Amino acid sequence: MAKSVVHSQCGGYTLSVPNVQSLATSLDKSIQIPERYVRPEANADPIARTNEIELPVIDLAKLIDPEFSKEEAAKLHRTCQEWSFFQLVNHGVPEELIEGLKANTVEFFNKPLKEKMVYKQDNSGSVQGYGQTFVLSEEQKLDWSDMFYVTTRPVALRNMKFWPTSPSTFRDNMDRYSLELTKLASCLWQYIATNLGVAPEVFEQLFKDHPQGLRFNYYPPCPEADKVIGISPHSDATGFSLLLQINDVQGLQIRKDGEWIAVSALPNALIVNLGDITEVLSNGIYKSIEHRGMTNTQHPRISLVAFHGPDNSLMLRPLPEVVGDGKLNYGSMSYQEFMKAVFNKKLEGKSVIEKLKL
Ligand code: OGA
Ligand code: NI
């Protein structure tokens, strides 16, 4: 979230906005889309390369296989430095679970609005539930999407009133997926730590209990897709995020070397996206990357993003093991202050982390 995210413990306030899925269904092709969704920057800042590029691939099976591990870990390091965005294959999350969760998600969003609104955000200082985030004023332009967010870890922070009871397997699949991704995140952190010259135990401690949230994004088709933005440009305020494309509709773009490029991923690969927390901890060796979601005129696009954040007590600053005798590139701030700043702004580039730069 452009900080796109939504951290469990950190609350977040957002104004309620119209449901875009219903709005899109009610729009006649001849009727113009409401002004609040018209984004001049969508045209002013088009994609530089129209052909989708396939993201670099990291193979988790190779990473954990002693025969290939060194080579794959070196590739992981280069990819983190050059891209901050890659797709993870052979990640070990069971295919049957992914397919089940995908079907649940589609079924949930296809339900009548009234049924989904049972799970709407309740403005209690948390962004959990069905609605939108980072809307702070009535004048602010809006994204062409709806979202549904739940905190999944630490388990004690779950609020089951936001966990849909229908489809009947949804809760169980969310729970299983949450656990699978936690194991995966823990494994990935070990390699990232080692690549940064930090003992894996240090990262284990920083990310203890593996705080995690799931954000389901629904981007309806738009008759004037080139005028709207599905999700505004932002970097994620996480350690890293793991994105699963729920249907086969692409729309994700990343800003690389100053240009927007459309990316595509292999079916069922998990797209890893390094967040702001990793940028600061690594003293900028790895950077969080700006990304956005665009829509199209024909098909809804659905994604599921799992945010993996640090322990709530973290003091955010570059790790001394990484800085060594070198130059310190970021100041320090408590993670809680950082998340407050994230939620006090609309979704907008890397604006919060920029303030920490020395
Ligand atoms: C997010 C995000 C992109 C997408 O939710 O933080 O970047 O493709 N989503 O849905
Ligand atoms: Ni994001």
# chains A, B, ... in the order shown; residues from 1 in each chain; ligands from 1
call {"tool": "select_by_dssp", "arguments": {"residues": "stretch 4-176 of chain A", "states": "strand (DSSP E or B)", "output": "PyMOL selection string"}}
result
chain A and resi 47-54+57-59+85-89+120+129-131+146-153
call {"tool": "residues_near_ligand", "arguments": {"ligand": "ligand 2", "cutoff": "10 Å", "atoms": "only C-alpha atoms and all ligand atoms", "output": "VMD selection string"}}
result
chain A and resid 1 to 5 215 231 to 238 240 to 243 252 254 273 to 275 289 to 293 305 to 307 347
call {"tool": "write_last_selection", "arguments": {"atoms": "N, CA and C atoms", "output": "short mmCIF file (atom, residue, chain, number, x, y, z; two decimals), in the first residue's frame"}}
result
data_model
loop_
_atom_site.label_atom_id
_atom_site.label_comp_id
_atom_site.auth_asym_id
_atom_site.auth_seq_id
_atom_site.Cartn_x
_atom_site.Cartn_y
_atom_site.Cartn_z
N MET A 1 0.76 -0.89 0.00
CA MET A 1 0.00 0.00 0.00
C MET A 1 0.89 1.04 0.00
N ALA A 2 1.27 2.79 -0.79
CA ALA A 2 2.16 3.68 -1.02
C ALA A 2 2.40 3.97 -0.17
N LYS A 3 2.35 3.59 0.18
CA LYS A 3 2.59 2.84 1.16
C LYS A 3 1.35 2.17 1.17
N SER A 4 1.50 1.12 0.70
CA SER A 4 0.39 0.37 0.57
C SER A 4 0.47 -0.44 1.73
N VAL A 5 0.21 -0.30 2.79
CA VAL A 5 -0.12 -1.31 3.58
C VAL A 5 -0.48 -1.11 4.90
N ARG A 215 -4.51 -8.64 1.54
CA ARG A 215 -5.31 -7.62 0.85
C ARG A 215 -5.78 -8.18 -0.50
N ILE A 231 -4.79 1.09 -8.95
CA ILE A 231 -4.20 1.42 -7.64
C ILE A 231 -3.05 2.39 -7.91
N SER A 232 -3.07 3.51 -7.17
CA SER A 232 -2.10 4.59 -7.38
C SER A 232 -0.67 4.11 -7.18
N PRO A 233 0.28 4.80 -7.85
CA PRO A 233 1.69 4.43 -7.67
C PRO A 233 2.08 4.47 -6.20
N HIS A 234 2.80 3.48 -5.76
CA HIS A 234 3.21 3.42 -4.36
C HIS A 234 4.29 2.37 -4.20
N SER A 235 4.98 2.45 -3.08
CA SER A 235 5.81 1.31 -2.68
C SER A 235 5.13 0.72 -1.47
N ASP A 236 5.40 -0.54 -1.18
CA ASP A 236 4.73 -1.17 -0.04
C ASP A 236 5.50 -0.89 1.25
N ALA A 237 4.77 -0.57 2.31
CA ALA A 237 5.41 -0.28 3.59
C ALA A 237 5.64 -1.58 4.36
N THR A 238 6.31 -2.52 3.71
CA THR A 238 6.46 -3.85 4.28
C THR A 238 7.93 -4.26 4.27
N PHE A 240 8.55 -7.43 2.81
CA PHE A 240 8.21 -7.72 1.40
C PHE A 240 6.77 -8.15 1.31
N SER A 241 6.24 -8.09 0.10
CA SER A 241 4.87 -8.50 -0.18
C SER A 241 4.93 -9.64 -1.17
N LEU A 242 3.98 -10.54 -1.05
CA LEU A 242 3.90 -11.68 -1.97
C LEU A 242 2.55 -11.59 -2.68
N LEU A 243 2.59 -11.37 -3.98
CA LEU A 243 1.36 -11.13 -4.74
C LEU A 243 1.01 -12.34 -5.61
N LEU A 252 -0.40 -5.13 -13.76
CA LEU A 252 0.60 -4.61 -12.82
C LEU A 252 1.73 -3.92 -13.60
N ILE A 254 5.52 -1.61 -13.04
CA ILE A 254 6.53 -1.16 -12.09
C ILE A 254 7.32 0.00 -12.71
N ASN A 273 7.88 -8.53 -3.85
CA ASN A 273 8.07 -7.10 -4.03
C ASN A 273 8.70 -6.58 -2.73
N LEU A 274 9.96 -6.14 -2.82
CA LEU A 274 10.63 -5.68 -1.60
C LEU A 274 10.05 -4.33 -1.17
N GLY A 275 9.82 -4.19 0.13
CA GLY A 275 9.16 -2.98 0.64
C GLY A 275 10.12 -2.01 1.32
N ILE A 289 10.23 -0.62 -4.48
CA ILE A 289 9.99 -0.18 -5.85
C ILE A 289 8.55 0.30 -6.03
N GLU A 290 8.42 1.37 -6.79
CA GLU A 290 7.07 1.90 -7.05
C GLU A 290 6.36 1.00 -8.04
N HIS A 291 5.11 0.75 -7.77
CA HIS A 291 4.29 -0.02 -8.70
C HIS A 291 2.89 0.54 -8.70
N ARG A 292 2.10 0.19 -9.69
CA ARG A 292 0.71 0.63 -9.77
C ARG A 292 -0.08 -0.44 -10.51
N GLY A 293 -1.40 -0.35 -10.42
CA GLY A 293 -2.24 -1.32 -11.13
C GLY A 293 -3.13 -0.57 -12.10
N VAL A 305 -2.65 -9.77 -2.23
CA VAL A 305 -1.31 -9.38 -1.78
C VAL A 305 -1.15 -9.71 -0.30
N ALA A 306 -0.10 -10.46 0.02
CA ALA A 306 0.19 -10.78 1.42
C ALA A 306 1.36 -9.90 1.87
N PHE A 307 1.07 -9.01 2.82
CA PHE A 307 2.09 -8.09 3.31
C PHE A 307 2.81 -8.72 4.50
N LEU A 347 -2.10 7.42 -1.00
CA LEU A 347 -1.13 6.51 -1.63
C LEU A 347 -0.36 7.29 -2.68
#
call {"tool": "closest_residue", "arguments": {"among": "A:Cys222, A:Met147, A:Ala185, A:Leu55", "to": "ligand 1", "atoms": "only C-alpha atoms and all ligand atoms"}}
result
A:Met147
call {"tool": "residues_around", "arguments": {"residues": "stretch 141-146 of chain A", "least_positions_apart": "2", "cutoff": "6 Å", "atoms": "only C-alpha atoms", "output": "list in words"}}
result
Val20, Arg36, Tyr37, Gly131, Gln132, Tyr218, Tyr219, Ile229, Gly230 and Ile231 of chain A
call {"tool": "closest_residue", "arguments": {"among": "A:Gln81, A:Ser69, A:Asn19, A:Ser178", "to": "A:Val93", "atoms": "only C-alpha atoms"}}
result
A:Ser178
call {"tool": "residues_around", "arguments": {"residues": "A:Ala103", "least_positions_apart": "5", "cutoff": "12 Å", "atoms": "only C-alpha atoms", "output": "VMD selection string"}}
result
chain A and resid 96 to 98 108 to 110 166 to 170 173 to 174 245 to 247 302
call {"tool": "write_last_selection", "arguments": {"atoms": "C-alpha atoms", "output": "CSV table (one decimal), in the first residue's frame"}}
result
chain,number,residue,atom,x,y,z
A,96,GLU,CA,-4.7,-27.3,-4.6
A,97,LEU,CA,-4.7,-24.6,-1.9
A,98,ILE,CA,-4.0,-21.8,-4.4
A,108,PHE,CA,-16.7,-13.7,-2.8
A,109,PHE,CA,-16.4,-10.7,-5.1
A,110,ASN,CA,-19.2,-12.0,-7.3
A,166,SER,CA,-19.2,-18.0,2.7
A,167,PRO,CA,-17.9,-19.6,0.5
A,168,SER,CA,-17.6,-22.3,3.2
A,169,THR,CA,-14.0,-23.1,2.6
A,170,PHE,CA,-12.8,-19.5,2.4
A,173,ASN,CA,-8.1,-21.6,2.9
A,174,MET,CA,-7.1,-18.1,4.1
A,245,GLN,CA,-2.8,-13.0,-9.5
A,246,ILE,CA,-6.2,-14.5,-8.8
A,247,ASN,CA,-7.3,-14.5,-12.4
A,302,ILE,CA,-8.2,-9.7,-9.1
call {"tool": "residues_around", "arguments": {"residues": "A:Ile64", "least_positions_apart": "6", "cutoff": "10 Å", "atoms": "only C-alpha atoms", "output": "mmCIF file with all heavy atoms, in the first residue's frame"}}
result
data_model
loop_
_atom_site.group_PDB
_atom_site.id
_atom_site.type_symbol
_atom_site.label_atom_id
_atom_site.label_comp_id
_atom_site.auth_asym_id
_atom_site.auth_seq_id
_atom_site.Cartn_x
_atom_site.Cartn_y
_atom_site.Cartn_z
ATOM 1 N N LYS A 70 24.066 -21.929 -3.935
ATOM 2 C CA LYS A 70 24.967 -20.786 -4.004
ATOM 3 C C LYS A 70 24.683 -19.930 -5.241
ATOM 4 O O LYS A 70 24.581 -18.699 -5.167
ATOM 5 C CB LYS A 70 26.414 -21.307 -4.038
ATOM 6 C CG LYS A 70 27.384 -20.356 -3.454
ATOM 7 C CD LYS A 70 28.751 -20.934 -3.263
ATOM 8 C CE LYS A 70 29.736 -19.767 -3.318
ATOM 9 N NZ LYS A 70 30.962 -20.098 -3.996
ATOM 10 N N GLU A 72 21.870 -19.871 -7.032
ATOM 11 C CA GLU A 72 20.541 -19.245 -6.994
ATOM 12 C C GLU A 72 20.519 -18.073 -6.000
ATOM 13 O O GLU A 72 19.856 -17.072 -6.243
ATOM 14 C CB GLU A 72 19.472 -20.301 -6.652
ATOM 15 C CG GLU A 72 18.054 -19.921 -7.003
ATOM 16 C CD GLU A 72 17.771 -19.752 -8.506
ATOM 17 O OE1 GLU A 72 18.668 -20.109 -9.331
ATOM 18 O OE2 GLU A 72 16.699 -19.245 -8.852
ATOM 19 N N ALA A 73 21.262 -18.222 -4.884
ATOM 20 C CA ALA A 73 21.314 -17.130 -3.901
ATOM 21 C C ALA A 73 22.010 -15.909 -4.504
ATOM 22 O O ALA A 73 21.612 -14.766 -4.256
ATOM 23 C CB ALA A 73 22.033 -17.587 -2.639
ATOM 24 N N CYS A 187 11.667 -18.554 5.325
ATOM 25 C CA CYS A 187 12.732 -19.167 4.521
ATOM 26 C C CYS A 187 13.429 -18.113 3.651
ATOM 27 O O CYS A 187 14.659 -18.027 3.606
ATOM 28 C CB CYS A 187 12.092 -20.276 3.685
ATOM 29 S SG CYS A 187 13.189 -21.046 2.511
ATOM 30 N N LEU A 188 12.625 -17.287 3.012
ATOM 31 C CA LEU A 188 13.183 -16.263 2.121
ATOM 32 C C LEU A 188 14.033 -15.249 2.889
ATOM 33 O O LEU A 188 15.090 -14.824 2.423
ATOM 34 C CB LEU A 188 12.014 -15.556 1.428
ATOM 35 C CG LEU A 188 12.213 -15.016 0.020
ATOM 36 C CD1 LEU A 188 12.839 -16.026 -0.914
ATOM 37 C CD2 LEU A 188 10.843 -14.560 -0.536
ATOM 38 N N TYR A 191 17.690 -16.270 3.340
ATOM 39 C CA TYR A 191 18.595 -16.054 2.201
ATOM 40 C C TYR A 191 18.876 -14.568 2.000
ATOM 41 O O TYR A 191 19.987 -14.175 1.655
ATOM 42 C CB TYR A 191 18.015 -16.692 0.929
ATOM 43 C CG TYR A 191 18.018 -18.200 1.036
ATOM 44 C CD1 TYR A 191 16.872 -18.891 1.424
ATOM 45 C CD2 TYR A 191 19.190 -18.925 0.813
ATOM 46 C CE1 TYR A 191 16.883 -20.266 1.572
ATOM 47 C CE2 TYR A 191 19.211 -20.303 0.953
ATOM 48 C CZ TYR A 191 18.056 -20.969 1.337
ATOM 49 O OH TYR A 191 18.087 -22.322 1.483
#
call {"tool": "select_by_dssp", "arguments": {"residues": "stretch 4-188 of chain A", "states": "helix (DSSP H, G or I)", "output": "PyMOL selection string"}}
result
chain A and resi 8-10+20-26+35-37+40-44+60-64+69-82+95-110+113-117+155-157+160-162+170-188
call {"tool": "closest_residue", "arguments": {"among": "A:Asp248, A:Asp257, A:Asp175, A:Glu99", "to": "ligand 1", "atoms": "only C-alpha atoms and all ligand atoms"}}
result
A:Asp248
call {"tool": "atom_distance", "arguments": {"atom1": "atom CA of A:Phe338", "atom2": "atom CA of A:Pro318"}}
result
14.2 Å
call {"tool": "residues_around", "arguments": {"residues": "A:Val280", "least_positions_apart": "3", "cutoff": "12 Å", "atoms": "only C-alpha atoms", "output": "ChimeraX atom specification"}}
result
/A:237-239,274-277,283-288,314-320,322-323,328-335,338,352-358
call {"tool": "write_last_selection", "arguments": {"atoms": "N, CA and C atoms", "output": "mmCIF file, in the first residue's frame"}}
result
data_model
loop_
_atom_site.group_PDB
_atom_site.id
_atom_site.type_symbol
_atom_site.label_atom_id
_atom_site.label_comp_id
_atom_site.auth_asym_id
_atom_site.auth_seq_id
_atom_site.Cartn_x
_atom_site.Cartn_y
_atom_site.Cartn_z
ATOM 1 N N ALA A 237 4.769 -0.571 2.306
ATOM 2 C CA ALA A 237 5.408 -0.285 3.595
ATOM 3 C C ALA A 237 5.636 -1.582 4.362
ATOM 4 N N THR A 238 6.308 -2.516 3.711
ATOM 5 C CA THR A 238 6.462 -3.854 4.284
ATOM 6 C C THR A 238 7.934 -4.264 4.270
ATOM 7 N N GLY A 239 8.190 -5.453 4.812
ATOM 8 C CA GLY A 239 9.471 -6.117 4.563
ATOM 9 C C GLY A 239 9.453 -6.568 3.114
ATOM 10 N N LEU A 274 9.963 -6.144 -2.817
ATOM 11 C CA LEU A 274 10.630 -5.676 -1.598
ATOM 12 C C LEU A 274 10.053 -4.331 -1.167
ATOM 13 N N GLY A 275 9.816 -4.191 0.128
ATOM 14 C CA GLY A 275 9.164 -2.979 0.640
ATOM 15 C C GLY A 275 10.121 -2.015 1.316
ATOM 16 N N ASP A 276 9.543 -0.948 1.832
ATOM 17 C CA ASP A 276 10.314 0.140 2.441
ATOM 18 C C ASP A 276 11.149 -0.306 3.641
ATOM 19 N N ILE A 277 10.608 -1.237 4.413
ATOM 20 C CA ILE A 277 11.327 -1.682 5.618
ATOM 21 C C ILE A 277 12.664 -2.318 5.204
ATOM 22 N N ASN A 283 20.079 -0.423 4.284
ATOM 23 C CA ASN A 283 20.780 0.840 4.003
ATOM 24 C C ASN A 283 20.724 1.188 2.515
ATOM 25 N N GLY A 284 19.656 0.740 1.859
ATOM 26 C CA GLY A 284 19.471 1.097 0.444
ATOM 27 C C GLY A 284 20.167 0.166 -0.543
ATOM 28 N N ILE A 285 20.791 -0.905 -0.026
ATOM 29 C CA ILE A 285 21.371 -1.893 -0.966
ATOM 30 C C ILE A 285 20.239 -2.462 -1.808
ATOM 31 N N TYR A 286 19.120 -2.720 -1.147
ATOM 32 C CA TYR A 286 17.887 -3.082 -1.856
ATOM 33 C C TYR A 286 16.921 -1.905 -1.714
ATOM 34 N N LYS A 287 16.236 -1.606 -2.799
ATOM 35 C CA LYS A 287 15.289 -0.489 -2.761
ATOM 36 C C LYS A 287 13.859 -1.006 -2.870
ATOM 37 N N SER A 288 12.929 -0.333 -2.192
ATOM 38 C CA SER A 288 11.532 -0.662 -2.468
ATOM 39 C C SER A 288 11.225 -0.069 -3.836
ATOM 40 N N LEU A 314 9.825 -2.653 16.324
ATOM 41 C CA LEU A 314 11.065 -2.367 15.579
ATOM 42 C C LEU A 314 11.432 -0.880 15.583
ATOM 43 N N MET A 315 12.712 -0.613 15.789
ATOM 44 C CA MET A 315 13.232 0.723 15.525
ATOM 45 C C MET A 315 13.801 0.637 14.110
ATOM 46 N N LEU A 316 13.157 1.359 13.228
ATOM 47 C CA LEU A 316 13.539 1.273 11.821
ATOM 48 C C LEU A 316 14.794 2.092 11.557
ATOM 49 N N ARG A 317 15.874 1.411 11.182
ATOM 50 C CA ARG A 317 17.134 2.076 10.829
ATOM 51 C C ARG A 317 18.021 1.062 10.122
ATOM 52 N N PRO A 318 18.996 1.532 9.380
ATOM 53 C CA PRO A 318 19.878 0.571 8.700
ATOM 54 C C PRO A 318 20.586 -0.322 9.716
ATOM 55 N N LEU A 319 20.720 -1.602 9.371
ATOM 56 C CA LEU A 319 21.360 -2.533 10.298
ATOM 57 C C LEU A 319 22.864 -2.251 10.369
ATOM 58 N N PRO A 320 23.406 -2.158 11.587
ATOM 59 C CA PRO A 320 24.844 -1.868 11.722
ATOM 60 C C PRO A 320 25.705 -2.871 10.954
ATOM 61 N N VAL A 322 25.133 -4.125 8.176
ATOM 62 C CA VAL A 322 25.152 -3.792 6.747
ATOM 63 C C VAL A 322 25.963 -2.516 6.510
ATOM 64 N N VAL A 323 25.801 -1.561 7.406
ATOM 65 C CA VAL A 323 26.466 -0.270 7.214
ATOM 66 C C VAL A 323 27.975 -0.404 7.424
ATOM 67 N N LEU A 328 26.025 6.022 6.333
ATOM 68 C CA LEU A 328 24.653 5.740 6.738
ATOM 69 C C LEU A 328 23.704 6.507 5.813
ATOM 70 N N ASN A 329 22.812 5.809 5.131
ATOM 71 C CA ASN A 329 21.969 6.476 4.135
ATOM 72 C C ASN A 329 20.572 6.867 4.632
ATOM 73 N N TYR A 330 20.179 6.358 5.802
ATOM 74 C CA TYR A 330 18.829 6.657 6.321
ATOM 75 C C TYR A 330 18.905 6.959 7.806
ATOM 76 N N GLY A 331 18.020 7.829 8.253
ATOM 77 C CA GLY A 331 17.892 8.097 9.674
ATOM 78 C C GLY A 331 17.057 6.997 10.328
ATOM 79 N N SER A 332 16.642 7.215 11.556
ATOM 80 C CA SER A 332 15.856 6.193 12.218
ATOM 81 C C SER A 332 14.510 6.752 12.678
ATOM 82 N N MET A 333 13.592 5.834 12.840
ATOM 83 C CA MET A 333 12.217 6.191 13.215
ATOM 84 C C MET A 333 11.584 4.920 13.740
ATOM 85 N N SER A 334 10.742 5.043 14.753
ATOM 86 C CA SER A 334 10.117 3.806 15.209
ATOM 87 C C SER A 334 9.148 3.323 14.122
ATOM 88 N N TYR A 335 9.014 2.038 14.039
ATOM 89 C CA TYR A 335 8.122 1.462 13.029
ATOM 90 C C TYR A 335 6.693 1.981 13.214
ATOM 91 N N PHE A 338 6.473 5.373 11.771
ATOM 92 C CA PHE A 338 6.539 5.234 10.322
ATOM 93 C C PHE A 338 5.162 4.861 9.760
ATOM 94 N N VAL A 352 6.942 8.675 2.031
ATOM 95 C CA VAL A 352 7.280 8.598 3.460
ATOM 96 C C VAL A 352 8.749 8.227 3.641
ATOM 97 N N ILE A 353 9.185 7.244 2.904
ATOM 98 C CA ILE A 353 10.570 6.785 3.058
ATOM 99 C C ILE A 353 11.566 7.864 2.626
ATOM 100 N N GLU A 354 11.161 8.722 1.678
ATOM 101 C CA GLU A 354 12.061 9.789 1.220
ATOM 102 C C GLU A 354 12.515 10.658 2.399
ATOM 103 N N LYS A 355 11.619 10.836 3.361
ATOM 104 C CA LYS A 355 11.938 11.704 4.506
ATOM 105 C C LYS A 355 13.025 11.111 5.399
ATOM 106 N N LEU A 356 13.202 9.820 5.320
ATOM 107 C CA LEU A 356 14.211 9.174 6.172
ATOM 108 C C LEU A 356 15.611 9.222 5.551
ATOM 109 N N LYS A 357 15.654 9.595 4.284
ATOM 110 C CA LYS A 357 16.947 9.596 3.589
ATOM 111 C C LYS A 357 17.856 10.682 4.119
ATOM 112 N N LEU A 358 19.107 10.338 4.337
ATOM 113 C CA LEU A 358 20.068 11.339 4.833
ATOM 114 C C LEU A 358 20.782 11.992 3.668
#
call {"tool": "closest_residue", "arguments": {"among": "A:Trp260, A:Ser22, A:Thr133, A:Arg158", "to": "ligand 1", "atoms": "only C-alpha atoms and all ligand atoms"}}
result
A:Thr133
call {"tool": "atom_distance", "arguments": {"atom1": "atom CA of A:His308", "atom2": "atom CA of A:Val106"}}
result
23.4 Å
call {"tool": "decode", "arguments": {"residues": "stretch 60-78 of chain A", "atoms": "N, CA and C atoms", "output": "compact mmCIF listing (two decimals), in the first residue's frame"}}
result
# COMPACT_ATOMS: atom_id res chain seq x y z
N LEU A 60 12.71 -21.39 -5.79
CA LEU A 60 12.93 -21.71 -4.38
C LEU A 60 13.49 -23.12 -4.21
N ALA A 61 13.08 -24.04 -5.09
CA ALA A 61 13.60 -25.41 -4.99
C ALA A 61 15.13 -25.40 -5.18
N LYS A 62 15.62 -24.57 -6.08
CA LYS A 62 17.07 -24.48 -6.28
C LYS A 62 17.74 -23.80 -5.08
N LEU A 63 17.05 -22.78 -4.55
CA LEU A 63 17.63 -22.05 -3.43
C LEU A 63 17.88 -22.96 -2.22
N ILE A 64 17.02 -23.94 -2.02
CA ILE A 64 17.20 -24.80 -0.85
C ILE A 64 17.95 -26.09 -1.18
N ASP A 65 18.29 -26.30 -2.45
CA ASP A 65 19.02 -27.51 -2.84
C ASP A 65 20.52 -27.23 -2.76
N PRO A 66 21.24 -27.96 -1.87
CA PRO A 66 22.66 -27.66 -1.67
C PRO A 66 23.46 -27.59 -2.99
N GLU A 67 23.03 -28.35 -3.99
CA GLU A 67 23.78 -28.36 -5.24
C GLU A 67 23.67 -27.01 -5.99
N PHE A 68 22.52 -26.36 -5.89
CA PHE A 68 22.30 -25.14 -6.68
C PHE A 68 22.19 -23.87 -5.84
N SER A 69 22.21 -24.05 -4.52
CA SER A 69 21.86 -22.94 -3.63
C SER A 69 22.73 -21.70 -3.83
N LYS A 70 24.07 -21.93 -3.93
CA LYS A 70 24.97 -20.79 -4.00
C LYS A 70 24.68 -19.93 -5.24
N GLU A 71 24.50 -20.63 -6.34
CA GLU A 71 24.23 -19.94 -7.61
C GLU A 71 22.89 -19.18 -7.56
N GLU A 72 21.87 -19.87 -7.03
CA GLU A 72 20.54 -19.24 -6.99
C GLU A 72 20.52 -18.07 -6.00
N ALA A 73 21.26 -18.22 -4.88
CA ALA A 73 21.31 -17.13 -3.90
C ALA A 73 22.01 -15.91 -4.50
N ALA A 74 23.02 -16.16 -5.33
CA ALA A 74 23.71 -15.04 -5.99
C ALA A 74 22.74 -14.35 -6.97
N LYS A 75 21.93 -15.16 -7.65
CA LYS A 75 20.93 -14.59 -8.57
C LYS A 75 19.89 -13.78 -7.79
N LEU A 76 19.52 -14.31 -6.62
CA LEU A 76 18.55 -13.60 -5.77
C LEU A 76 19.11 -12.23 -5.37
N HIS A 77 20.37 -12.19 -5.00
CA HIS A 77 20.99 -10.94 -4.58
C HIS A 77 20.99 -9.92 -5.72
N ARG A 78 21.43 -10.37 -6.90
CA ARG A 78 21.45 -9.47 -8.08
C ARG A 78 20.04 -8.97 -8.39
